[in-house]
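One file, input-v6.cif, carrying mmCIF, C-alpha atoms:
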```cif
data_final
loop_
_atom_site.label_atom_id
_atom_site.label_comp_id
_atom_site.auth_asym_id
_atom_site.auth_seq_id
_atom_site.Cartn_x
_atom_site.Cartn_y
_atom_site.Cartn_z
CA MET A 25 -7.34 -17.85 12.62
CA THR A 26 -5.13 -15.12 14.11
CA PRO A 27 -4.48 -11.77 12.39
CA LEU A 28 -0.94 -11.28 11.11
CA ILE A 29 -0.04 -8.07 12.92
CA PRO A 30 2.50 -6.15 10.79
CA ALA A 31 6.07 -6.18 12.11
CA TYR A 32 6.20 -2.46 12.82
CA GLY A 33 9.64 -1.39 14.01
CA THR A 34 11.48 -4.40 12.61
CA ALA A 35 10.23 -5.56 9.20
CA SER A 36 7.49 -3.33 7.78
CA LEU A 37 7.39 -0.96 4.81
CA ALA A 38 7.96 1.97 7.14
CA ASP A 39 11.16 0.29 8.35
CA LEU A 40 12.34 -0.25 4.78
CA SER A 41 11.84 3.42 4.02
CA SER A 42 13.81 4.53 7.09
CA SER A 43 16.59 2.06 6.30
CA LEU A 44 16.88 3.23 2.68
CA LEU A 45 17.68 6.74 3.87
CA THR A 46 20.63 5.46 5.87
CA VAL A 47 21.92 3.59 2.82
CA VAL A 48 22.74 6.95 1.20
CA GLY A 49 24.09 8.46 4.40
CA VAL A 50 21.09 10.22 5.95
CA ASP A 51 21.16 9.97 9.73
CA GLY A 52 18.42 7.82 11.21
CA ASN A 53 17.35 4.31 12.15
CA ASN A 54 18.30 1.31 10.01
CA PRO A 55 16.12 -1.49 11.40
CA LEU A 56 16.75 -3.70 8.35
CA GLY A 57 20.52 -3.33 8.65
CA LEU A 58 21.00 -2.34 4.99
CA ALA A 59 24.57 -1.69 3.87
CA PRO A 60 25.71 1.76 2.62
CA ALA A 61 25.80 2.66 -1.08
CA GLU A 62 26.27 5.85 -3.05
CA ARG A 63 22.99 5.37 -4.89
CA VAL A 64 19.83 3.43 -4.05
CA LEU A 65 16.98 2.45 -6.38
CA LEU A 66 13.64 1.17 -5.08
CA PHE A 67 11.55 -0.72 -7.64
CA LEU A 68 8.01 -0.66 -6.23
CA VAL A 69 5.70 -3.21 -7.86
CA ASP A 70 2.06 -2.71 -6.92
CA GLY A 71 0.53 -6.00 -5.76
CA LEU A 72 3.63 -8.22 -5.87
CA GLY A 73 3.05 -10.30 -2.74
CA ALA A 74 5.88 -12.54 -1.55
CA ASP A 75 3.65 -15.62 -1.57
CA LEU A 76 2.46 -14.79 -5.08
CA LEU A 77 6.01 -14.44 -6.42
CA ARG A 78 7.12 -17.68 -4.79
CA ALA A 79 4.18 -19.51 -6.33
CA HIS A 80 5.29 -18.71 -9.90
CA PRO A 81 9.09 -18.67 -10.18
CA GLU A 82 8.88 -19.76 -13.81
CA ALA A 83 7.26 -16.45 -14.76
CA ALA A 84 9.92 -14.38 -12.98
CA PRO A 85 13.30 -16.13 -13.35
CA PHE A 86 15.40 -13.01 -12.71
CA LEU A 87 13.67 -12.13 -9.45
CA SER A 88 13.23 -15.73 -8.33
CA ALA A 89 16.95 -16.42 -8.67
CA ARG A 90 17.61 -14.03 -5.77
CA PRO A 91 17.12 -14.62 -2.06
CA ILE A 92 13.82 -13.14 -0.88
CA SER A 93 13.44 -11.50 2.48
CA VAL A 94 9.89 -10.94 3.65
CA LEU A 95 8.44 -7.72 5.01
CA THR A 96 4.91 -6.88 6.14
CA ALA A 97 2.90 -4.20 4.40
CA GLY A 98 1.02 -2.61 7.29
CA PHE A 99 -2.71 -2.29 7.88
CA PRO A 100 -4.72 -1.97 5.80
CA ALA A 101 -2.67 -3.77 3.12
CA THR A 102 -3.58 -1.24 0.45
CA THR A 103 -1.72 1.21 -1.76
CA ALA A 104 -2.82 4.44 -0.07
CA THR A 105 -1.68 3.24 3.34
CA SER A 106 1.48 1.47 2.19
CA LEU A 107 2.74 4.41 0.15
CA GLY A 108 2.02 6.61 3.14
CA SER A 109 4.32 4.37 5.18
CA LEU A 110 6.99 4.34 2.48
CA GLY A 111 6.71 8.07 2.00
CA THR A 112 7.10 8.97 5.66
CA GLY A 113 9.00 6.07 7.21
CA ARG A 114 6.24 5.91 9.84
CA PRO A 115 3.48 3.36 10.59
CA PRO A 116 -0.09 4.17 9.53
CA GLY A 117 -1.10 5.30 13.01
CA GLU A 118 1.43 8.11 12.76
CA HIS A 119 0.99 9.28 9.16
CA GLY A 120 -2.81 9.03 9.14
CA MET A 121 -3.36 7.40 5.73
CA LEU A 122 -5.42 4.71 7.41
CA GLY A 123 -7.26 3.19 4.47
CA TYR A 124 -8.55 3.49 0.92
CA GLN A 125 -11.71 5.42 1.86
CA LEU A 126 -11.85 7.26 5.18
CA ALA A 127 -14.43 9.41 6.92
CA VAL A 128 -13.63 13.11 6.99
CA PRO A 129 -14.26 13.70 10.71
CA GLY A 130 -17.41 15.71 11.33
CA ALA A 131 -18.22 16.08 7.63
CA GLY A 132 -20.49 13.10 7.00
CA TYR A 133 -18.70 11.87 3.89
CA LEU A 134 -15.66 9.91 2.75
CA LEU A 135 -12.31 10.88 1.27
CA ASN A 136 -10.98 8.46 -1.32
CA CYS A 137 -7.34 8.73 -0.27
CA LEU A 138 -5.91 7.19 -3.44
CA ARG A 139 -7.96 9.14 -5.99
CA TRP A 140 -8.10 12.15 -3.64
CA THR A 141 -11.79 12.69 -4.39
CA VAL A 142 -14.29 14.01 -1.87
CA PRO A 143 -17.92 15.23 -2.28
CA GLY A 144 -17.20 18.42 -0.39
CA PRO A 145 -14.61 21.17 -0.01
CA PRO A 146 -11.10 20.23 -1.19
CA ILE A 147 -8.84 18.65 1.39
CA LEU A 148 -5.28 19.93 1.48
CA PRO A 149 -2.82 17.02 1.25
CA ASP A 150 -0.32 18.51 3.69
CA GLU A 151 -3.05 19.00 6.26
CA TRP A 152 -4.45 15.50 5.91
CA GLN A 153 -0.93 14.02 5.98
CA PRO A 154 1.36 16.56 7.68
CA THR A 155 4.24 14.22 8.58
CA PRO A 156 7.48 15.22 6.79
CA THR A 157 8.37 12.79 4.03
CA VAL A 158 11.57 10.81 3.64
CA TYR A 159 12.16 12.72 0.39
CA GLN A 160 12.15 16.03 2.22
CA ARG A 161 14.62 14.57 4.71
CA ALA A 162 16.79 13.25 1.87
CA THR A 163 16.83 16.58 0.05
CA ALA A 164 17.70 18.44 3.25
CA ALA A 165 20.68 16.09 3.67
CA GLY A 166 21.97 16.78 0.15
CA VAL A 167 20.60 13.61 -1.46
CA SER A 168 18.91 13.80 -4.88
CA ALA A 169 15.46 12.21 -4.40
CA SER A 170 13.52 11.24 -7.53
CA TYR A 171 10.25 9.42 -8.24
CA VAL A 172 9.75 7.89 -11.69
CA ALA A 173 6.09 7.13 -12.41
CA PRO A 174 3.23 7.77 -14.87
CA SER A 175 2.82 11.45 -15.70
CA LYS A 176 -0.81 11.55 -14.55
CA PHE A 177 0.28 11.08 -10.93
CA GLU A 178 2.36 14.24 -10.70
CA THR A 179 -0.27 16.75 -9.61
CA THR A 180 -2.59 14.45 -7.67
CA GLY A 181 -3.47 15.16 -4.08
CA PHE A 182 -2.27 11.72 -3.09
CA ASN A 183 1.16 12.36 -4.60
CA GLN A 184 1.36 15.64 -2.75
CA ALA A 185 0.47 13.87 0.50
CA VAL A 186 3.08 11.12 0.37
CA TYR A 187 5.76 12.26 -2.13
CA ARG A 188 6.35 15.85 -1.01
CA GLY A 189 9.92 16.96 -1.62
CA VAL A 190 10.66 14.51 -4.42
CA ARG A 191 11.69 15.38 -7.98
CA PHE A 192 8.92 13.84 -10.06
CA VAL A 193 9.94 12.24 -13.36
CA GLY A 194 6.91 11.57 -15.55
CA ALA A 195 7.42 8.36 -17.52
CA ASP A 196 4.48 6.49 -18.98
CA GLY A 197 6.00 3.48 -20.76
CA ILE A 198 8.50 0.96 -19.46
CA ASP A 199 11.23 2.24 -21.77
CA ASP A 200 10.61 5.77 -20.47
CA ARG A 201 10.78 4.60 -16.87
CA VAL A 202 14.03 2.72 -17.38
CA GLU A 203 15.53 5.77 -19.07
CA GLY A 204 14.19 8.04 -16.33
CA VAL A 205 15.87 5.86 -13.72
CA ARG A 206 19.13 5.91 -15.67
CA HIS A 207 19.19 9.71 -15.67
CA ALA A 208 18.17 9.96 -12.01
CA LEU A 209 20.91 7.55 -10.94
CA ALA A 210 23.49 9.70 -12.70
CA GLU A 211 23.23 12.07 -9.75
CA PRO A 212 25.71 11.35 -6.96
CA ARG A 213 24.09 10.34 -3.65
CA SER A 214 20.75 9.59 -5.28
CA HIS A 215 17.61 8.00 -3.87
CA VAL A 216 15.33 6.89 -6.72
CA THR A 217 11.92 5.19 -6.63
CA VAL A 218 10.30 3.74 -9.75
CA TYR A 219 6.69 2.51 -9.71
CA TYR A 220 4.89 -0.15 -11.76
CA GLY A 221 1.14 -0.63 -11.25
CA ASN A 222 -0.17 -2.92 -13.99
CA LEU A 223 0.34 -6.17 -12.07
CA ASP A 224 -2.12 -5.03 -9.42
CA ALA A 225 -4.57 -3.66 -11.99
CA VAL A 226 -4.66 -6.95 -13.89
CA GLY A 227 -4.90 -8.91 -10.67
CA HIS A 228 -8.01 -6.96 -9.71
CA ARG A 229 -9.67 -7.77 -13.04
CA THR A 230 -8.63 -11.38 -13.64
CA GLY A 231 -7.18 -12.62 -10.35
CA TRP A 232 -3.59 -13.33 -9.38
CA GLY A 233 -2.23 -16.45 -11.06
CA SER A 234 -4.41 -15.94 -14.16
CA PRO A 235 -2.70 -16.07 -17.58
CA GLN A 236 -3.01 -12.30 -17.86
CA TRP A 237 -1.48 -11.82 -14.42
CA LEU A 238 1.39 -14.18 -15.25
CA ASP A 239 2.07 -12.18 -18.40
CA GLN A 240 2.34 -9.06 -16.25
CA LEU A 241 4.62 -10.83 -13.79
CA ALA A 242 6.93 -11.65 -16.69
CA VAL A 243 6.89 -7.96 -17.68
CA VAL A 244 7.85 -7.02 -14.11
CA ASP A 245 10.71 -9.53 -14.18
CA ARG A 246 12.11 -8.17 -17.43
CA MET A 247 11.77 -4.62 -16.15
CA ALA A 248 13.67 -5.55 -12.98
CA GLU A 249 16.46 -7.03 -15.10
CA ARG A 250 16.65 -3.89 -17.24
CA LEU A 251 16.67 -1.64 -14.17
CA ALA A 252 19.49 -3.69 -12.65
CA ALA A 253 21.49 -3.09 -15.82
CA THR A 254 21.22 0.69 -15.29
CA LEU A 255 22.91 0.61 -11.88
CA PRO A 256 26.20 2.51 -11.82
CA PRO A 257 29.06 1.11 -9.72
CA GLY A 258 28.47 1.57 -6.01
CA SER A 259 24.69 1.27 -6.31
CA VAL A 260 22.00 -1.02 -4.96
CA MET A 261 18.46 -1.83 -6.15
CA TYR A 262 15.74 -3.15 -3.88
CA VAL A 263 12.52 -4.65 -5.22
CA THR A 264 9.42 -4.66 -3.06
CA ALA A 265 5.62 -4.23 -3.14
CA ASP A 266 2.89 -2.39 -1.31
CA HIS A 267 0.73 -5.44 -0.57
CA GLY A 268 -0.15 -8.94 -1.77
CA MET A 269 -3.51 -10.21 -2.99
CA VAL A 270 -6.14 -12.95 -2.65
CA ASN A 271 -8.71 -14.13 -5.17
CA VAL A 272 -12.19 -13.82 -3.73
CA THR A 273 -14.71 -16.62 -4.21
CA GLU A 274 -17.54 -15.21 -2.08
CA ARG A 275 -19.08 -11.73 -2.01
CA ILE A 276 -21.17 -10.47 0.89
CA ASP A 277 -22.97 -7.44 -0.47
CA ALA A 278 -23.76 -4.74 2.08
CA ASP A 279 -26.05 -3.07 -0.45
CA THR A 280 -28.35 -6.10 -0.70
CA LEU A 281 -28.26 -7.15 2.97
CA PRO A 282 -30.25 -4.50 4.85
CA ALA A 283 -28.92 -5.71 8.20
CA LEU A 284 -25.40 -4.61 7.21
CA ARG A 285 -26.64 -1.05 6.61
CA GLU A 286 -28.74 -0.68 9.76
CA GLY A 287 -27.15 1.85 12.10
CA VAL A 288 -24.36 2.54 9.59
CA ALA A 289 -23.75 6.17 8.67
CA LEU A 290 -20.84 5.55 6.26
CA LEU A 291 -19.22 2.44 4.82
CA GLY A 292 -15.56 3.10 4.07
CA GLY A 293 -12.36 1.18 3.54
CA GLU A 294 -12.54 -1.49 0.86
CA THR A 295 -13.79 -5.03 0.38
CA ARG A 296 -11.06 -6.72 2.47
CA ALA A 297 -10.70 -3.98 5.12
CA ARG A 298 -13.96 -2.24 5.94
CA HIS A 299 -14.20 0.90 8.06
CA VAL A 300 -17.80 0.95 9.34
CA TYR A 301 -18.84 4.35 10.71
CA THR A 302 -21.94 4.08 12.88
CA ALA A 303 -24.81 6.39 13.66
CA PRO A 304 -24.78 7.89 17.17
CA GLY A 305 -25.44 5.23 19.79
CA ALA A 306 -25.45 2.36 17.28
CA THR A 307 -21.89 1.04 17.59
CA GLY A 308 -22.71 -1.85 19.92
CA THR A 309 -25.61 -3.07 17.80
CA VAL A 310 -23.66 -2.72 14.53
CA LEU A 311 -20.68 -4.58 16.01
CA GLU A 312 -22.93 -7.46 17.13
CA THR A 313 -24.78 -7.64 13.80
CA TRP A 314 -21.63 -7.60 11.68
CA ARG A 315 -20.03 -10.24 13.90
CA ASP A 316 -23.07 -12.51 13.52
CA ILE A 317 -23.27 -12.15 9.72
CA LEU A 318 -19.52 -12.49 9.15
CA ASP A 319 -18.93 -15.19 11.74
CA GLY A 320 -16.27 -17.61 10.50
CA LYS A 321 -15.35 -15.28 7.62
CA ALA A 322 -13.88 -12.07 9.07
CA TRP A 323 -12.37 -10.44 12.10
CA VAL A 324 -14.92 -7.90 13.28
CA VAL A 325 -13.62 -5.59 16.00
CA SER A 326 -14.23 -2.20 17.50
CA ARG A 327 -11.96 0.76 16.85
CA ASP A 328 -10.48 0.45 20.34
CA GLU A 329 -9.75 -3.26 19.84
CA ALA A 330 -7.97 -2.62 16.53
CA VAL A 331 -5.89 0.21 17.96
CA GLU A 332 -4.99 -1.68 21.15
CA SER A 333 -4.02 -4.76 19.13
CA GLY A 334 -1.49 -2.71 17.14
CA TRP A 335 -3.13 -3.08 13.75
CA PHE A 336 -2.13 0.47 12.76
CA GLY A 337 1.19 0.51 14.64
CA PRO A 338 2.37 0.95 18.21
CA ARG A 339 0.29 4.10 18.56
CA VAL A 340 -2.34 6.11 16.72
CA ARG A 341 -2.24 9.87 16.98
CA ALA A 342 -5.33 11.09 18.84
CA GLU A 343 -6.37 13.36 15.96
CA TRP A 344 -6.44 10.40 13.57
CA LEU A 345 -8.77 8.23 15.68
CA PRO A 346 -12.03 9.57 14.17
CA ARG A 347 -10.77 8.53 10.72
CA ILE A 348 -10.95 4.88 11.82
CA GLY A 349 -14.29 3.10 11.62
CA ASP A 350 -16.24 2.57 14.82
CA VAL A 351 -16.27 -1.05 13.65
CA LEU A 352 -13.73 -2.77 11.40
CA ALA A 353 -14.55 -5.85 9.33
CA VAL A 354 -11.52 -7.66 7.91
CA PRO A 355 -12.09 -10.95 6.06
CA TYR A 356 -9.72 -13.86 6.57
CA THR A 357 -11.43 -16.35 4.25
CA ASP A 358 -11.58 -15.73 0.49
CA CYS A 359 -14.58 -13.45 0.81
CA ALA A 360 -15.13 -9.77 0.13
CA VAL A 361 -17.56 -7.35 1.76
CA THR A 362 -18.79 -5.50 -1.31
CA ALA A 363 -21.15 -2.58 -1.90
CA SER A 364 -22.53 -3.22 -5.37
CA VAL A 365 -24.52 0.01 -5.59
CA ALA A 366 -22.08 2.44 -3.99
CA GLU A 367 -18.94 0.77 -5.38
CA PRO A 368 -19.84 -1.12 -8.58
CA HIS A 369 -16.29 -1.12 -9.96
CA GLU A 370 -14.51 -2.32 -6.83
CA SER A 371 -17.28 -4.84 -6.15
CA SER A 372 -16.45 -6.62 -9.42
CA PHE A 373 -12.80 -7.30 -8.50
CA ILE A 374 -11.55 -10.88 -8.42
CA GLY A 375 -8.18 -10.08 -6.87
CA CYS A 376 -8.50 -8.05 -3.66
CA HIS A 377 -6.35 -6.98 -0.71
CA GLY A 378 -6.39 -5.05 2.53
CA SER A 379 -6.61 -7.71 5.21
CA LEU A 380 -4.23 -9.15 7.81
CA THR A 381 -3.73 -12.52 6.11
CA PRO A 382 -0.23 -13.68 5.09
CA ALA A 383 -1.08 -13.53 1.37
CA GLU A 384 -1.95 -9.83 1.67
CA GLN A 385 0.59 -8.77 4.28
CA ARG A 386 3.74 -10.59 3.16
CA ILE A 387 5.75 -8.65 0.58
CA PRO A 388 9.18 -9.45 -0.87
CA LEU A 389 12.44 -7.59 -0.49
CA LEU A 390 15.09 -8.48 -3.07
CA GLU A 391 18.48 -6.89 -3.58
CA VAL A 392 20.68 -6.36 -6.63
CA SER A 393 23.98 -4.63 -5.88
CA THR A 394 26.94 -3.19 -7.77
CA ARG A 395 28.76 -2.17 -4.56
#
```

Written form, structure tokens:
Amino acid sequence: MTPLIPAYGTASLADLSSSLLTVVGVDGNNPLGLAPAERVLLFLVDGLGADLLRAHPEAAPFLSARPISVLTAGFPATTATSLGSLGTGRPPGEHGMLGYQLAVPGAGYLLNCLRWTVPGPPILPDEWQPTPTVYQRATAAGVSASYVAPSKFETTGFNQAVYRGVRFVGADGIDDRVEGVRHALAEPRSHVTVYYGNLDAVGHRTGWGSPQWLDQLAVVDRMAERLAATLPPGSVMYVTADHGMVNVTERIDADTLPALREGVALLGGETRARHVYTAPGATGTVLETWRDILDGKAWVVSRDEAVESGWFGPRVRAEWLPRIGDVLAVPYTDCAVTASVAEPHESSFIGCHGSLTPAEQRIPLLEVSTR
């Protein structure tokens, strides 16, 4: 099986973000060829893979009635990386949000990029991710940039890393989010993003396609219909996701297989996209061991191989290279590389993502317009 390398430069989340700026008149590249509008709304649904949506049109009649273009998420196919790409309009290799858990170079521990937790001195978001955001660019061009999301996100380090320059609108319930979008779109030349995360959360617990997940998909569909009804004349709404999902049927536990811990200083990433940081001089042995154990289940490559193959984009900034594992292990079957002791919560997930498979990489792009 061959990895699905994200379509950086033509059809990735970073390209969507760049194109959305041009919709509201900000100078820049428009690789998706999106048409101009006075106002643009992005409905970001965590975990809504294109393949998943197409598999259940009955649960999402409003969305399924519209033509679906397909984008690729980027690698890893995970929220921290994807929102970094959306927030900057750059591939992961340029913005540096290269996974869920990354080594802090020279420190000997991991930063959880999504929760922004670290067992050491605080890490400043604008130093970890210094690339200017699309919201800063929008504001500088006279566009009103707003982000409508749960209130708890406002002051997080992750939000400060990828949403700098945006006007945050705290809205916890669906009604609040729809109303927050309505007010934000009242601004002329507005760029509004609204986030919904429960589909992904339920998918982790019960698997995509489960009755609970289908109930959430129906909620997403009704929310999309309500958001479309808020669009003033001359507006456009795009619906997309940060990644897809697979249901895992096999768990390979690094905390119960001593061979997978030999020579490993830190185990980062997540179950479908592992960053393996090796002890000095152990990279070759670790690479060989992980390849043997995961043979027929995962792509296991060195850092150099991943970078040269374009997994993180056309280039990776030199200062970001130590954040990438010396070895990367990326399953392509329905298996997960868990760590039951170090990561008991994540190790229990049924629905997982991160890899370079179509189900995880392919995300939808749908349009509703009042132009």

Problem set entry | Surrounding residues of range 284-290 of chain A excluding itself and chain neighbours under 3 positions, 8 Å, all atoms listed in the file, as a ChimeraX atom specification | /A:127,132-134,278-279,281,300-303,306-307,309-310,313-314

For this session: Determine the residue membership of the PyMOL selection byres ((chain A and resi 257) around 12) for the file above and supply it as a PyMOL selection string.
Result: chain A and resi 61-64+209-210+212+252-256+258-261+392-395

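The spacing separating CA of Arg386 in chain A from CA of Asn136 in chain A amounts to 24.5 Å.
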
For this session: Tell me, as a PyMOL selection string, which residues lie within 9 Å of range 184-191 of chain A, counting all atoms listed in the file; anything in the same chain fewer than 3 positions away does not count.
Result: chain A and resi 104+107-112+148-163+168-172+178-181

Would you tabulate, counting only C-alpha atoms, all residues of range 102-146 of chain A that have an atom at most 12 Å from an atom of range 75-98 of chain A, showing the closest pair of atoms and their distance in Å to one decimal, sorted by chain then ascending number, as JSON lines?
```
{"residue": "A:Thr102", "atom": "CA", "partner": "A:Ala97", "partner_atom": "CA", "distance": 8.1}
{"residue": "A:Thr103", "atom": "CA", "partner": "A:Ala97", "partner_atom": "CA", "distance": 9.4}
{"residue": "A:Ala104", "atom": "CA", "partner": "A:Gly98", "partner_atom": "CA", "distance": 10.9}
{"residue": "A:Thr105", "atom": "CA", "partner": "A:Gly98", "partner_atom": "CA", "distance": 7.6}
{"residue": "A:Ser106", "atom": "CA", "partner": "A:Ala97", "partner_atom": "CA", "distance": 6.2}
{"residue": "A:Leu107", "atom": "CA", "partner": "A:Ala97", "partner_atom": "CA", "distance": 9.6}
{"residue": "A:Gly108", "atom": "CA", "partner": "A:Gly98", "partner_atom": "CA", "distance": 10.2}
{"residue": "A:Ser109", "atom": "CA", "partner": "A:Gly98", "partner_atom": "CA", "distance": 8.0}
{"residue": "A:Leu110", "atom": "CA", "partner": "A:Ala97", "partner_atom": "CA", "distance": 9.7}
{"residue": "A:Gly113", "atom": "CA", "partner": "A:Gly98", "partner_atom": "CA", "distance": 11.8}
{"residue": "A:Arg114", "atom": "CA", "partner": "A:Gly98", "partner_atom": "CA", "distance": 10.3}
{"residue": "A:Pro115", "atom": "CA", "partner": "A:Gly98", "partner_atom": "CA", "distance": 7.3}
{"residue": "A:Pro116", "atom": "CA", "partner": "A:Gly98", "partner_atom": "CA", "distance": 7.2}
{"residue": "A:Gly117", "atom": "CA", "partner": "A:Gly98", "partner_atom": "CA", "distance": 10.0}
{"residue": "A:Met121", "atom": "CA", "partner": "A:Gly98", "partner_atom": "CA", "distance": 11.0}
{"residue": "A:Leu122", "atom": "CA", "partner": "A:Gly98", "partner_atom": "CA", "distance": 9.8}
{"residue": "A:Gly123", "atom": "CA", "partner": "A:Gly98", "partner_atom": "CA", "distance": 10.5}
```

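Counting from CA of Ala38 in chain A, the distance to CA of Val218 in chain A is 17.1 Å.
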
Mind dumping a table of every range 25-111 of chain A residue within 6 Å of range 265-272 of chain A, with the nearest atom pair and its distance in Å to one decimal, using all atoms listed in the file, sorted by chain and rising number, as a tab-separated table?
```
residue	atom	partner	partner_atom	distance
A:Leu68	CA	A:Ala265	CA	5.3
A:Val69	CA	A:Ala265	CA	4.8
A:Asp70	CA	A:Ala265	CA	5.4
A:Gly71	CA	A:Gly268	CA	5.0
A:Leu72	CA	A:Ala265	CA	5.2
A:Gly73	CA	A:Gly268	CA	3.6
A:Ala97	CA	A:His267	CA	5.6
A:Ala101	CA	A:His267	CA	5.3
A:Thr103	CA	A:Asp266	CA	5.9
A:Ser106	CA	A:Asp266	CA	5.4
```

For the selection just defined, write its residues with C-alpha atoms to a file, as a PDB file, keeping the file's coordinate frame.
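Output file part.pdb follows:
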```
ATOM      1  CA  LEU A  68       8.010  -0.660  -6.230  1.00  0.00           C
ATOM      2  CA  VAL A  69       5.700  -3.210  -7.860  1.00  0.00           C
ATOM      3  CA  ASP A  70       2.060  -2.710  -6.920  1.00  0.00           C
ATOM      4  CA  GLY A  71       0.530  -6.000  -5.760  1.00  0.00           C
ATOM      5  CA  LEU A  72       3.630  -8.220  -5.870  1.00  0.00           C
ATOM      6  CA  GLY A  73       3.050 -10.300  -2.740  1.00  0.00           C
ATOM      7  CA  ALA A  97       2.900  -4.200   4.400  1.00  0.00           C
ATOM      8  CA  ALA A 101      -2.670  -3.770   3.120  1.00  0.00           C
ATOM      9  CA  THR A 103      -1.720   1.210  -1.760  1.00  0.00           C
ATOM     10  CA  SER A 106       1.480   1.470   2.190  1.00  0.00           C
TER      11      SER A 106
END
```

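Distances to Gly378 in chain A were evaluated for A:Trp237, A:Tyr124, A:Phe192, A:Tyr32 using all atoms listed in the file, and the minimum falls at A:Tyr124.
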
Exercise. Could you work out how far CA of Asp224 in chain A lies from CA of Val354 in chain A, giving the answer in Å with one decimal?
Worked result: 19.9 Å

Exercise. Within 12 Å of Thr357 in chain A, counting only C-alpha atoms, which residues qualify if same-chain residues fewer than 5 places away don't, as a PyMOL selection string?
Worked result: chain A and resi 25-27+270-276+296+318-323+376-377+379-384

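Closest to Asp277 in chain A among A:Ala195, A:Val361, A:Leu389, A:Ala248 is A:Val361, based on all atoms listed in the file.
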
Taking all listed atoms of range 242-255 of chain A, build the axis-aligned box, pad each of the six sides by 6 Å, then write its centre and edge lengths in Å to one decimal as JSON.
```
{"center_x": 14.9, "center_y": -5.5, "center_z": -14.8, "size_x": 28.0, "size_y": 24.3, "size_z": 17.8}
```

Seminar exercise, completed: Residue with the minimum atom-to-atom distance to Glu294 in chain A, picked from A:Leu126, A:Leu58, A:Leu37, A:Ala164 with only C-alpha atoms counted, is A:Leu126

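For the choices A:Ser326, A:Ser36, A:Ser41, A:Gln125, the atom-to-atom distance to Thr217 in chain A is smallest for A:Ser41 when using only C-alpha atoms.
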
Kindly write range 187-197 of chain A with N, CA, C and O atoms to a file, as a tab-separated table (two decimals), in the first residue's frame.
```
chain	number	residue	atom	x	y	z
A	187	TYR	N	-4.69	30.77	16.23
A	187	TYR	CA	-5.78	31.73	15.98
A	187	TYR	C	-5.41	33.16	16.36
A	187	TYR	O	-6.29	33.99	16.59
A	188	ARG	N	-4.13	33.48	16.43
A	188	ARG	CA	-3.73	34.85	16.75
A	188	ARG	C	-4.35	35.84	15.78
A	188	ARG	O	-4.36	35.62	14.57
A	189	GLY	N	-4.84	36.95	16.32
A	189	GLY	CA	-5.40	38.00	15.47
A	189	GLY	C	-6.89	37.89	15.24
A	189	GLY	O	-7.49	38.79	14.65
A	190	VAL	N	-7.51	36.81	15.71
A	190	VAL	CA	-8.94	36.63	15.47
A	190	VAL	C	-9.74	37.23	16.63
A	190	VAL	O	-9.25	37.33	17.76
A	191	ARG	N	-10.97	37.62	16.35
A	191	ARG	CA	-11.90	38.02	17.42
A	191	ARG	C	-12.62	36.76	17.88
A	191	ARG	O	-13.38	36.17	17.13
A	192	PHE	N	-12.34	36.34	19.11
A	192	PHE	CA	-12.92	35.10	19.61
A	192	PHE	C	-14.32	35.35	20.14
A	192	PHE	O	-14.55	36.27	20.92
A	193	VAL	N	-15.25	34.51	19.71
A	193	VAL	CA	-16.64	34.58	20.16
A	193	VAL	C	-16.95	33.29	20.90
A	193	VAL	O	-17.11	32.23	20.29
A	194	GLY	N	-16.99	33.34	22.22
A	194	GLY	CA	-17.29	32.16	23.01
A	194	GLY	C	-18.75	31.77	22.89
A	194	GLY	O	-19.64	32.59	23.14
A	195	ALA	N	-18.99	30.53	22.48
A	195	ALA	CA	-20.36	30.06	22.26
A	195	ALA	C	-20.38	28.56	22.52
A	195	ALA	O	-19.82	27.78	21.75
A	196	ASP	N	-21.03	28.15	23.61
A	196	ASP	CA	-20.93	26.75	24.02
A	196	ASP	C	-21.98	25.84	23.38
A	196	ASP	O	-21.66	24.72	23.00
A	197	GLY	N	-23.20	26.28	23.25
A	197	GLY	CA	-24.24	25.45	22.63
A	197	GLY	C	-24.38	25.75	21.15
A	197	GLY	O	-23.85	26.75	20.64
```
